[in-house]
Amino acid sequence: MIRLHGLTKRYGEVVAVDDVSLEMAAAQTTVLIGPSGCGKSTLLRLINGLIPADAGTVSVDGREITPAAPPRLRHRMGYVIQDGGLFPHLTGRGNVAILARHLDWSSERIRSRTSELAELVQLPVDRLEQYPNELSGGQRQRVSLMRALMLDPDVLLLDEPLGALDPMIRADLQSDLRDIFRSLDKTVVFVTHDLSEAAYVADEVVLLRNGRIEQSGSMDDLLHSPASEFARTFVQAQRSSLV
Amino acid sequence: MIRTIALFLLSAALFSALPPETNARPATAGQAASSDTTLVVGSKKFTENVILGWMATQLWRSSGFTADHRAELGGSRFLWEALVRGDIDAYPEYTGTLVQEILSGTDVTRSTLEETLAEYGISTTKPLGFNNTYAIGMRADHADSLGIESISDLRSHPDLRLGFSNEFMDRGDGWPSLKAAYDLTHEARGIDHDLAYRGLRAGQIDVIDFYSTDAEIGAYDLRVLEDSRNHFPEYRALFLYRTELDEQAPEAVHELRRLEGRLPADTMQQLNKRAKIDGIPEQRVSARLLNDTFELAETVTASTTTWVERLETRSVEHFILVGLSLGLAILLGIPLGIIAANVRIVGPGVLLLVGVMYTVPALALLAVMVPLVGLGRTPAVIALFLYSLLPIVWNTYTGLNDIARSLRESAEALGLTRMAQLFRVELPIAARSILAGIKIAAVINIGTATLGALIGAGGYGQPILTGIRRADLGLILEGTVPAAVLTIIVLGALEATERFMLPRGLR
């Protein structure tokens with residue numbers, strides 16, 4: 001379980017995250033949604049301690065997370081970003097294995113875990129020998145997901161993982177992602193600005209505006225009983241794209 | 001500045017562990033003195049001084065000493081500092097240079113010279129004979145056509161082009177005071193002394209400075225303009241030596257003194273001519289004079305080397321200079337670049353410091369180094385190391401700084417330790433930029449290393465120096481061509497390393 005308490009982050013005069021308190025249940029997929037600049041990505045980066053909070057706390061399974069937290073706490077959280085963040089000097093396989101190598105896993109263990117994950121994310125094994133610039137956008141995101149899952153973390157954080165993909169690949173990966181989240185039983189935090197994407201993967205939805213929580217609850221609640229004028233407008237604007 | 005000094009000291013400490021670079025010869029039988037010390041003679045980078053240096057060296061060798069000659073060092077200052085430090089034991093100097101230049105900070109006069117030298121632990125022989133004073137002159141036919149005989153005649157020809165050696169342009173008794181003494185209005189430009197003769201013959205300049213024993217005076221039919229106002233002081237040649245030799249090797253001092261009064265001006269001019277105009281190596285010019293006119297315990301032979309042997313020696317010297325300094329620069333430059341990219345307060349300081357270091361002219365850097373660490377390989381390697389730092393530090397910094405933030409954060413978010421982030425992600429991605437920096441450093445280093453010859457470090461600069469001095473294109477090529485070949489080989493090796501090391505994903 002992830003617990004945020006009074007979390008605040010400022011960039012100069014701008015308050016990116018404003019006194020947010022929230023609990024994200026274990027083994028559930030929570031979607032952080034909102035227009036750009038609402039603070040959803042900042043919130044995600046606070047959760048894995050990439051940036052320090054100005055006030056408030058983040059705890060994951062009872063342990064507080066800050067930039068100074070020991071690296072091993074991060075091993076319990078996988079992180080996937082929009083362009084994949086793959087390292088250009090390593091093959092797909094090298095990217096997937098980088099942390100396991102650092103932790104001195106045996107090459108046999110690395111190999112079998114990699115094969116397992118390739119099957120999970122539906123990536124042909126031969127693609128793993130390619131470098132990132134030789135892979136398609138969708139393949140890169142699958143490799144990135146494998147890298148995030150390598151140590152079998154309890155928490156998976158995804159920051160607009162489908163944002164840079166074209167529609168066909170996006171639809172494919174979207175349904176694969178949902179299947180993966182359901183089969184893995186992990187605490188997933190998924191950032192997007194796209195309501196249909198949220199509806200597809202979410203157990204819980206948190207709508208953010210100017211760094212504050214506008215509404216949180218089930219997708220049905222958001223769609224059918226928006227809690228504010230902003231929520232209504234946000235839903236209305238994207239409703240046509242919902243299936 | 002503290003960092004600079006620390007680097008100096010560190011490098012000095014590293015190199016003090018190196019074996020001394022003496023090509024010590026086995027001592028001959030019938031020792032005149034204890035043979036466990038090698039005596040070292042120094043000489044300046046002009047022919048006459050090189051010949052005199054060889055004379056001392058050969059006299060010492062013929063009387064049983066082990067003696068080395070560090071020929072063609074870059075200037076009077078270097079030799080003086082080296083003598084005071086004890087890097088060399090003796091070198092030929094001129095009274096005028098001592099009074100006007102080297103001891104100009106003291107109130108020394110010609111008559112108190114010996115006492116002043118004694119304060120530095122230096123003694124002197126009596127003058128060797130000739131007075132090699134400065135003179136200025138022009139082509140005799142040119143002088144005749146204008147009716148010029150003395151320096152004061154120059155006043156009525158203000159459009160003449162004057163080209164003086166850089167030393168003459170600067171020194172206390174040189175051009176500035178000559179100009180004042182004779183009320184001259186000409187503008188003069190600085191030019192290398194050996195190039196000046198060529199400029200004069202080609203008609204590019206009209207008036208040059210030279211020394212009164214220069215071989216070219218007779219050989220090229222030059223007119224020495226009369227110094228009617230006795231402006232130029234005396235430049236009597238003599239040997240300076242470390243006073244401690246009087247006790248440690250009295251026989252060596254005795255040998256030096258055998259040269260006193262034995263070299264009148266016409267003899268010296270002849271010797272200069274044989275070396276400079278006839279192209280006979282100084283070593284042989286000196287050996288012949290000694291064998292012909294001195295009673296020697298043992299005949300002096302000049303060792304002759306083929307160009308292949310010289311190339312081999314010079315290549316080894318040059319390669320050691322480049323290899324050590326570049327290796328050190330890589331070992332220290334990459335960590336400094338990492339610090340510059342990661343430590344906020346120190347970073348800009350490091351970048352600025354290596355930048356400023358690079359703007360110090362090579363000669364000035366060498367000049368600073370000689371009093372600190374002496375002559376030879378050590379100061380040259382330190383100077384080259386300092387020059388090689390800039391491209392390596394800056395390219396490491398730039399390579400690390402150019403890594404996209406998303407990649408840095410991905411590495412951090414994975415839970416890699418800071419060290420693992422650096423070694424598994426950041427340095428490999430910056431490798432291309434770092435290698436480019438190393439290539440630039442290598443090219444700069446190989447070229448600049450030729451200056452090492454000025455402070456006795458040898459290398460390809462040695463034949464270049466000698467070649468310029470003797471106007472011998474063959475010798476100049478003996479230095480420049482191998483330097484170019486070495487550059488190509490080193491760049492090729494680095495290119496191959498890059499192909500081998502850089503993964504497909506970074507190309």
# chains A, B, ... in the order shown; residues from 1 in each chain; ligands from 1
>>> interface_residues(of="chain B", to="chain A", cutoff="10 Å", atoms="only C-alpha atoms", output="VMD selection string")
chain B and resid 404 to 418 420 to 421 424 to 426 428 to 431 502 to 507
>>> residues_around(residues="Leu451 (chain B)", least_positions_apart="2", cutoff="8 Å", atoms="only C-alpha atoms", output="PyMOL selection string")
chain B and resi 362-363+448-449+453-455+461
>>> select_by_dssp(residues="region 222-465 of chain B", states="alpha helix (DSSP H)", output="ChimeraX atom specification")
/B:245-248,250-257,265-276,282-293,307-342,346-359,362-373,377-401,405-414,418-420,427-448,461-465
>>> residues_around(residues="Asp192 (chain B)", least_positions_apart="4", cutoff="9 Å", atoms="only C-alpha atoms", output="MDAnalysis selection string")
chainID B and resid 163:167 196
>>> write_last_selection(atoms="C-alpha atoms", output="mmCIF file, in the first residue's frame")
data_model
loop_
_atom_site.group_PDB
_atom_site.id
_atom_site.type_symbol
_atom_site.label_atom_id
_atom_site.label_comp_id
_atom_site.auth_asym_id
_atom_site.auth_seq_id
_atom_site.Cartn_x
_atom_site.Cartn_y
_atom_site.Cartn_z
ATOM 1 C CA GLY B 163 65.134 41.954 -37.854
ATOM 2 C CA PHE B 164 66.617 40.977 -34.494
ATOM 3 C CA SER B 165 66.695 37.741 -32.541
ATOM 4 C CA ASN B 166 64.011 37.553 -29.887
ATOM 5 C CA GLU B 167 66.603 37.525 -27.142
ATOM 6 C CA ALA B 196 67.575 35.892 -39.803
#
>>> residues_around(residues="Gln174 (chain A)", least_positions_apart="5", cutoff="8 Å", atoms="only C-alpha atoms", output="JSON, numbers by chain")
{"A": [162, 197, 200, 201]}
>>> residues_around(residues="Leu208 (chain A)", least_positions_apart="5", cutoff="9 Å", atoms="only C-alpha atoms", output="PyMOL selection string")
chain A and resi 32-35+38-40+213-216
>>> write_last_selection(atoms="N, CA, C and O atoms", output="PDB file, in the first residue's frame")
ATOM      1  N   LEU A  32      -3.727   8.095 -12.081  1.00  0.00           N
ATOM      2  CA  LEU A  32      -3.698   9.537 -11.801  1.00  0.00           C
ATOM      3  C   LEU A  32      -3.982  10.229 -13.122  1.00  0.00           C
ATOM      4  O   LEU A  32      -3.248  10.045 -14.095  1.00  0.00           O
ATOM      5  N   ILE A  33      -5.055  10.997 -13.151  1.00  0.00           N
ATOM      6  CA  ILE A  33      -5.439  11.615 -14.417  1.00  0.00           C
ATOM      7  C   ILE A  33      -5.657  13.106 -14.224  1.00  0.00           C
ATOM      8  O   ILE A  33      -5.915  13.568 -13.105  1.00  0.00           O
ATOM      9  N   GLY A  34      -5.533  13.849 -15.296  1.00  0.00           N
ATOM     10  CA  GLY A  34      -5.770  15.292 -15.224  1.00  0.00           C
ATOM     11  C   GLY A  34      -5.109  15.955 -16.418  1.00  0.00           C
ATOM     12  O   GLY A  34      -4.335  15.308 -17.137  1.00  0.00           O
ATOM     13  N   PRO A  35      -5.426  17.226 -16.629  1.00  0.00           N
ATOM     14  CA  PRO A  35      -4.824  17.950 -17.756  1.00  0.00           C
ATOM     15  C   PRO A  35      -3.322  18.143 -17.522  1.00  0.00           C
ATOM     16  O   PRO A  35      -2.842  17.980 -16.400  1.00  0.00           O
ATOM     17  N   CYS A  38      -1.144  19.351 -14.152  1.00  0.00           N
ATOM     18  CA  CYS A  38      -1.959  19.190 -12.948  1.00  0.00           C
ATOM     19  C   CYS A  38      -1.146  18.596 -11.801  1.00  0.00           C
ATOM     20  O   CYS A  38      -1.627  18.506 -10.683  1.00  0.00           O
ATOM     21  N   GLY A  39       0.079  18.130 -12.102  1.00  0.00           N
ATOM     22  CA  GLY A  39       0.925  17.624 -11.022  1.00  0.00           C
ATOM     23  C   GLY A  39       0.991  16.110 -10.951  1.00  0.00           C
ATOM     24  O   GLY A  39       1.620  15.555 -10.051  1.00  0.00           O
ATOM     25  N   LYS A  40       0.379  15.412 -11.937  1.00  0.00           N
ATOM     26  CA  LYS A  40       0.328  13.945 -11.838  1.00  0.00           C
ATOM     27  C   LYS A  40       1.701  13.287 -11.981  1.00  0.00           C
ATOM     28  O   LYS A  40       2.044  12.363 -11.251  1.00  0.00           O
ATOM     29  N   ILE A 213      -6.294  17.139  -5.353  1.00  0.00           N
ATOM     30  CA  ILE A 213      -7.214  16.080  -5.777  1.00  0.00           C
ATOM     31  C   ILE A 213      -8.593  16.682  -5.975  1.00  0.00           C
ATOM     32  O   ILE A 213      -9.162  17.298  -5.068  1.00  0.00           O
ATOM     33  N   GLU A 214      -9.108  16.518  -7.184  1.00  0.00           N
ATOM     34  CA  GLU A 214     -10.439  17.061  -7.487  1.00  0.00           C
ATOM     35  C   GLU A 214     -11.504  16.010  -7.129  1.00  0.00           C
ATOM     36  O   GLU A 214     -12.546  16.330  -6.600  1.00  0.00           O
ATOM     37  N   GLN A 215     -11.199  14.770  -7.464  1.00  0.00           N
ATOM     38  CA  GLN A 215     -12.133  13.686  -7.160  1.00  0.00           C
ATOM     39  C   GLN A 215     -11.369  12.374  -7.167  1.00  0.00           C
ATOM     40  O   GLN A 215     -10.516  12.167  -8.020  1.00  0.00           O
ATOM     41  N   SER A 216     -11.703  11.471  -6.243  1.00  0.00           N
ATOM     42  CA  SER A 216     -11.105  10.144  -6.329  1.00  0.00           C
ATOM     43  C   SER A 216     -12.148   9.100  -6.011  1.00  0.00           C
ATOM     44  O   SER A 216     -13.051   9.326  -5.214  1.00  0.00           O
TER      45      SER A 216
END
>>> atom_distance(atom1="CA of Val188 (chain A)", atom2="CA of Gln122 (chain A)")
19.4 Å
>>> residues_around(residues="Leu43 (chain A)", least_positions_apart="4", cutoff="9 Å", atoms="only C-alpha atoms", output="list in words")
Leu7, Lys9, Ala16, Val17, Val20, Leu32, Gly39, Ile47 and Gly211 of chain A
>>> write_last_selection(atoms="all heavy atoms", output="JSON list (two decimals), in the first residue's frame")
[["chain", "number", "residue", "atom", "x", "y", "z"],
["A", 7, "LEU", "N", 1.32, 15.84, 1.15],
["A", 7, "LEU", "CA", 2.47, 15.97, 0.25],
["A", 7, "LEU", "C", 2.40, 17.27, -0.55],
["A", 7, "LEU", "O", 1.39, 17.58, -1.17],
["A", 7, "LEU", "CB", 2.47, 14.76, -0.69],
["A", 7, "LEU", "CG", 3.79, 14.37, -1.33],
["A", 7, "LEU", "CD1", 4.84, 14.09, -0.27],
["A", 7, "LEU", "CD2", 3.58, 13.12, -2.19],
["A", 9, "LYS", "N", 4.82, 19.95, -3.18],
["A", 9, "LYS", "CA", 6.05, 20.22, -3.95],
["A", 9, "LYS", "C", 5.88, 21.53, -4.70],
["A", 9, "LYS", "O", 4.93, 21.72, -5.43],
["A", 9, "LYS", "CB", 6.30, 19.07, -4.95],
["A", 9, "LYS", "CG", 7.53, 19.27, -5.83],
["A", 9, "LYS", "CD", 8.80, 19.16, -5.01],
["A", 9, "LYS", "CE", 10.02, 19.53, -5.85],
["A", 9, "LYS", "NZ", 11.24, 19.52, -5.00],
["A", 16, "ALA", "N", 3.29, 22.61, -7.56],
["A", 16, "ALA", "CA", 3.00, 21.52, -8.48],
["A", 16, "ALA", "C", 2.13, 20.46, -7.81],
["A", 16, "ALA", "O", 1.25, 19.88, -8.42],
["A", 16, "ALA", "CB", 4.30, 20.89, -8.98],
["A", 17, "VAL", "N", 2.42, 20.20, -6.53],
["A", 17, "VAL", "CA", 1.60, 19.27, -5.76],
["A", 17, "VAL", "C", 1.26, 19.98, -4.45],
["A", 17, "VAL", "O", 2.14, 20.47, -3.76],
["A", 17, "VAL", "CB", 2.37, 17.96, -5.48],
["A", 17, "VAL", "CG1", 1.58, 17.07, -4.51],
["A", 17, "VAL", "CG2", 2.64, 17.21, -6.78],
["A", 20, "VAL", "N", -1.36, 16.99, -0.80],
["A", 20, "VAL", "CA", -2.11, 15.82, -1.24],
["A", 20, "VAL", "C", -1.99, 14.69, -0.21],
["A", 20, "VAL", "O", -0.89, 14.32, 0.18],
["A", 20, "VAL", "CB", -1.60, 15.32, -2.61],
["A", 20, "VAL", "CG1", -2.15, 13.93, -2.93],
["A", 20, "VAL", "CG2", -1.97, 16.31, -3.69],
["A", 32, "LEU", "N", -3.73, 8.10, -12.08],
["A", 32, "LEU", "CA", -3.70, 9.54, -11.80],
["A", 32, "LEU", "C", -3.98, 10.23, -13.12],
["A", 32, "LEU", "O", -3.25, 10.05, -14.10],
["A", 32, "LEU", "CB", -2.33, 9.96, -11.27],
["A", 32, "LEU", "CG", -1.80, 9.26, -10.01],
["A", 32, "LEU", "CD1", -0.41, 9.78, -9.65],
["A", 32, "LEU", "CD2", -2.77, 9.46, -8.85],
["A", 39, "GLY", "N", 0.08, 18.13, -12.10],
["A", 39, "GLY", "CA", 0.93, 17.62, -11.02],
["A", 39, "GLY", "C", 0.99, 16.11, -10.95],
["A", 39, "GLY", "O", 1.62, 15.56, -10.05],
["A", 47, "ILE", "N", 6.65, 9.81, -5.40],
["A", 47, "ILE", "CA", 6.40, 8.48, -4.83],
["A", 47, "ILE", "C", 7.66, 7.61, -4.88],
["A", 47, "ILE", "O", 7.98, 6.89, -3.93],
["A", 47, "ILE", "CB", 5.23, 7.77, -5.56],
["A", 47, "ILE", "CG1", 3.91, 8.51, -5.27],
["A", 47, "ILE", "CG2", 5.11, 6.31, -5.11],
["A", 47, "ILE", "CD1", 2.72, 7.97, -6.03],
["A", 211, "GLY", "N", -2.49, 20.53, -8.84],
["A", 211, "GLY", "CA", -1.78, 19.95, -7.72],
["A", 211, "GLY", "C", -2.66, 19.43, -6.60],
["A", 211, "GLY", "O", -2.17, 18.96, -5.58]]
>>> closest_residue(among="A:Met150, A:Leu165, A:Leu4, A:Leu123", to="Gly138 (chain A)", atoms="only C-alpha atoms")
A:Leu165
>>> select_by_dssp(residues="region 71-221 of chain A", states="strand (DSSP E or B)", output="NGL selection string")
:A and (77-80 or 155-159 or 187-192 or 204-209 or 212-217)
>>> residues_around(residues="region 200-214 of chain B", least_positions_apart="5", cutoff="10 Å", atoms="only C-alpha atoms", output="VMD selection string")
chain B and resid 47 to 48 130 to 139 142 to 143 154 159 to 165 168 to 169 174 to 175 188 to 191 193 to 195 219 to 220 222 to 225 235 264 to 273 276
>>> atom_distance(atom1="CA of Gly86 (chain B)", atom2="CA of Val40 (chain B)")
9.2 Å
>>> closest_atom_pairs(of="region 48-161 of chain B", to="region 286-296 of chain B", cutoff="12 Å", atoms="only C-alpha atoms", output="Markdown table")
| residue | atom | partner | partner_atom | distance |
| --- | --- | --- | --- | --- |
| B:Glu48 | CA | B:Ser286 | CA | 10.2 |
| B:Asn49 | CA | B:Ser286 | CA | 11.1 |
| B:Val50 | CA | B:Ser286 | CA | 9.3 |
| B:Ile51 | CA | B:Ser286 | CA | 5.8 |
| B:Leu52 | CA | B:Ser286 | CA | 7.5 |
| B:Gly53 | CA | B:Ser286 | CA | 8.9 |
| B:Trp54 | CA | B:Ser286 | CA | 6.2 |
| B:Met55 | CA | B:Ser286 | CA | 5.6 |
| B:Ala56 | CA | B:Ser286 | CA | 9.3 |
| B:Thr57 | CA | B:Ser286 | CA | 9.8 |
| B:Gln58 | CA | B:Ala287 | CA | 7.1 |
| B:Leu59 | CA | B:Leu296 | CA | 7.9 |
| B:Trp60 | CA | B:Leu296 | CA | 10.3 |
| B:Arg61 | CA | B:Leu296 | CA | 10.4 |
| B:Ser62 | CA | B:Leu296 | CA | 6.8 |
| B:Ser63 | CA | B:Leu296 | CA | 7.8 |
| B:Gly64 | CA | B:Leu296 | CA | 11.0 |
>>> closest_residue(among="A:Leu120, A:Ala68, A:Val143, A:Ala53", to="Gly92 (chain A)", atoms="only C-alpha atoms")
A:Val143
>>> atom_distance(atom1="CA of Leu435 (chain B)", atom2="CA of Thr497 (chain B)")
9.0 Å
>>> decode(residues="region 81-92 of chain B", atoms="all heavy atoms", output="PDB file, in the first residue's frame")
ATOM      1  N   GLU B  81      69.533  27.995 -13.961  1.00  0.00           N
ATOM      2  CA  GLU B  81      68.729  27.331 -12.926  1.00  0.00           C
ATOM      3  C   GLU B  81      69.189  25.889 -12.721  1.00  0.00           C
ATOM      4  O   GLU B  81      69.282  25.398 -11.600  1.00  0.00           O
ATOM      5  CB  GLU B  81      67.243  27.314 -13.325  1.00  0.00           C
ATOM      6  CG  GLU B  81      66.618  28.684 -13.489  1.00  0.00           C
ATOM      7  CD  GLU B  81      66.284  29.351 -12.166  1.00  0.00           C
ATOM      8  OE1 GLU B  81      66.571  28.733 -11.112  1.00  0.00           O
ATOM      9  OE2 GLU B  81      65.776  30.485 -12.175  1.00  0.00           O
ATOM     10  N   ALA B  82      69.465  25.220 -13.861  1.00  0.00           N
ATOM     11  CA  ALA B  82      69.873  23.821 -13.776  1.00  0.00           C
ATOM     12  C   ALA B  82      71.224  23.686 -13.074  1.00  0.00           C
ATOM     13  O   ALA B  82      71.457  22.745 -12.319  1.00  0.00           O
ATOM     14  CB  ALA B  82      69.930  23.202 -15.167  1.00  0.00           C
ATOM     15  N   LEU B  83      72.123  24.650 -13.321  1.00  0.00           N
ATOM     16  CA  LEU B  83      73.438  24.619 -12.686  1.00  0.00           C
ATOM     17  C   LEU B  83      73.305  24.840 -11.183  1.00  0.00           C
ATOM     18  O   LEU B  83      73.905  24.119 -10.378  1.00  0.00           O
ATOM     19  CB  LEU B  83      74.347  25.690 -13.308  1.00  0.00           C
ATOM     20  CG  LEU B  83      75.794  25.697 -12.807  1.00  0.00           C
ATOM     21  CD1 LEU B  83      76.535  24.482 -13.325  1.00  0.00           C
ATOM     22  CD2 LEU B  83      76.522  26.973 -13.242  1.00  0.00           C
ATOM     23  N   VAL B  84      72.502  25.826 -10.800  1.00  0.00           N
ATOM     24  CA  VAL B  84      72.324  26.128  -9.382  1.00  0.00           C
ATOM     25  C   VAL B  84      71.673  24.943  -8.669  1.00  0.00           C
ATOM     26  O   VAL B  84      72.032  24.593  -7.552  1.00  0.00           O
ATOM     27  CB  VAL B  84      71.483  27.417  -9.205  1.00  0.00           C
ATOM     28  CG1 VAL B  84      71.120  27.625  -7.736  1.00  0.00           C
ATOM     29  CG2 VAL B  84      72.245  28.613  -9.744  1.00  0.00           C
ATOM     30  N   ARG B  85      70.694  24.306  -9.347  1.00  0.00           N
ATOM     31  CA  ARG B  85      70.032  23.140  -8.759  1.00  0.00           C
ATOM     32  C   ARG B  85      70.934  21.918  -8.700  1.00  0.00           C
ATOM     33  O   ARG B  85      70.648  20.977  -7.971  1.00  0.00           O
ATOM     34  CB  ARG B  85      68.803  22.746  -9.586  1.00  0.00           C
ATOM     35  CG  ARG B  85      67.564  23.545  -9.326  1.00  0.00           C
ATOM     36  CD  ARG B  85      66.480  23.074 -10.278  1.00  0.00           C
ATOM     37  NE  ARG B  85      66.378  21.612 -10.254  1.00  0.00           N
ATOM     38  CZ  ARG B  85      65.600  20.937  -9.413  1.00  0.00           C
ATOM     39  NH1 ARG B  85      64.865  21.586  -8.552  1.00  0.00           N
ATOM     40  NH2 ARG B  85      65.569  19.622  -9.445  1.00  0.00           N
ATOM     41  N   GLY B  86      71.967  21.900  -9.548  1.00  0.00           N
ATOM     42  CA  GLY B  86      72.840  20.739  -9.575  1.00  0.00           C
ATOM     43  C   GLY B  86      72.464  19.699 -10.623  1.00  0.00           C
ATOM     44  O   GLY B  86      73.008  18.601 -10.632  1.00  0.00           O
ATOM     45  N   ASP B  87      71.510  20.036 -11.516  1.00  0.00           N
ATOM     46  CA  ASP B  87      71.171  19.113 -12.600  1.00  0.00           C
ATOM     47  C   ASP B  87      72.322  18.997 -13.594  1.00  0.00           C
ATOM     48  O   ASP B  87      72.500  17.979 -14.243  1.00  0.00           O
ATOM     49  CB  ASP B  87      69.928  19.597 -13.362  1.00  0.00           C
ATOM     50  CG  ASP B  87      68.676  19.416 -12.536  1.00  0.00           C
ATOM     51  OD1 ASP B  87      68.740  18.673 -11.542  1.00  0.00           O
ATOM     52  OD2 ASP B  87      67.645  20.009 -12.884  1.00  0.00           O
ATOM     53  N   ILE B  88      73.061  20.100 -13.760  1.00  0.00           N
ATOM     54  CA  ILE B  88      74.262  20.053 -14.578  1.00  0.00           C
ATOM     55  C   ILE B  88      75.428  20.558 -13.728  1.00  0.00           C
ATOM     56  O   ILE B  88      75.223  21.238 -12.723  1.00  0.00           O
ATOM     57  CB  ILE B  88      74.133  20.892 -15.878  1.00  0.00           C
ATOM     58  CG1 ILE B  88      73.796  22.355 -15.558  1.00  0.00           C
ATOM     59  CG2 ILE B  88      73.088  20.322 -16.809  1.00  0.00           C
ATOM     60  CD1 ILE B  88      73.707  23.238 -16.796  1.00  0.00           C
ATOM     61  N   ASP B  89      76.654  20.210 -14.131  1.00  0.00           N
ATOM     62  CA  ASP B  89      77.817  20.583 -13.335  1.00  0.00           C
ATOM     63  C   ASP B  89      78.569  21.768 -13.916  1.00  0.00           C
ATOM     64  O   ASP B  89      79.289  22.463 -13.202  1.00  0.00           O
ATOM     65  CB  ASP B  89      78.768  19.385 -13.216  1.00  0.00           C
ATOM     66  CG  ASP B  89      78.111  18.233 -12.479  1.00  0.00           C
ATOM     67  OD1 ASP B  89      77.824  18.401 -11.284  1.00  0.00           O
ATOM     68  OD2 ASP B  89      77.850  17.195 -13.117  1.00  0.00           O
ATOM     69  N   ALA B  90      78.426  21.967 -15.232  1.00  0.00           N
ATOM     70  CA  ALA B  90      79.138  23.078 -15.864  1.00  0.00           C
ATOM     71  C   ALA B  90      78.460  23.426 -17.176  1.00  0.00           C
ATOM     72  O   ALA B  90      77.797  22.574 -17.778  1.00  0.00           O
ATOM     73  CB  ALA B  90      80.593  22.684 -16.133  1.00  0.00           C
ATOM     74  N   TYR B  91      78.593  24.691 -17.597  1.00  0.00           N
ATOM     75  CA  TYR B  91      78.172  25.054 -18.954  1.00  0.00           C
ATOM     76  C   TYR B  91      78.901  26.309 -19.379  1.00  0.00           C
ATOM     77  O   TYR B  91      79.365  27.083 -18.533  1.00  0.00           O
ATOM     78  CB  TYR B  91      76.650  25.197 -19.055  1.00  0.00           C
ATOM     79  CG  TYR B  91      76.080  26.509 -18.542  1.00  0.00           C
ATOM     80  CD1 TYR B  91      75.843  27.573 -19.419  1.00  0.00           C
ATOM     81  CD2 TYR B  91      75.747  26.682 -17.201  1.00  0.00           C
ATOM     82  CE1 TYR B  91      75.299  28.767 -18.962  1.00  0.00           C
ATOM     83  CE2 TYR B  91      75.213  27.867 -16.743  1.00  0.00           C
ATOM     84  CZ  TYR B  91      74.983  28.913 -17.631  1.00  0.00           C
ATOM     85  OH  TYR B  91      74.455  30.084 -17.186  1.00  0.00           O
ATOM     86  N   PRO B  92      79.057  26.512 -20.696  1.00  0.00           N
ATOM     87  CA  PRO B  92      79.750  27.691 -21.191  1.00  0.00           C
ATOM     88  C   PRO B  92      78.839  28.916 -21.137  1.00  0.00           C
ATOM     89  O   PRO B  92      77.706  28.845 -21.585  1.00  0.00           O
ATOM     90  CB  PRO B  92      80.087  27.345 -22.650  1.00  0.00           C
ATOM     91  CG  PRO B  92      79.418  26.046 -22.945  1.00  0.00           C
ATOM     92  CD  PRO B  92      78.640  25.596 -21.761  1.00  0.00           C
TER      93      PRO B  92
END
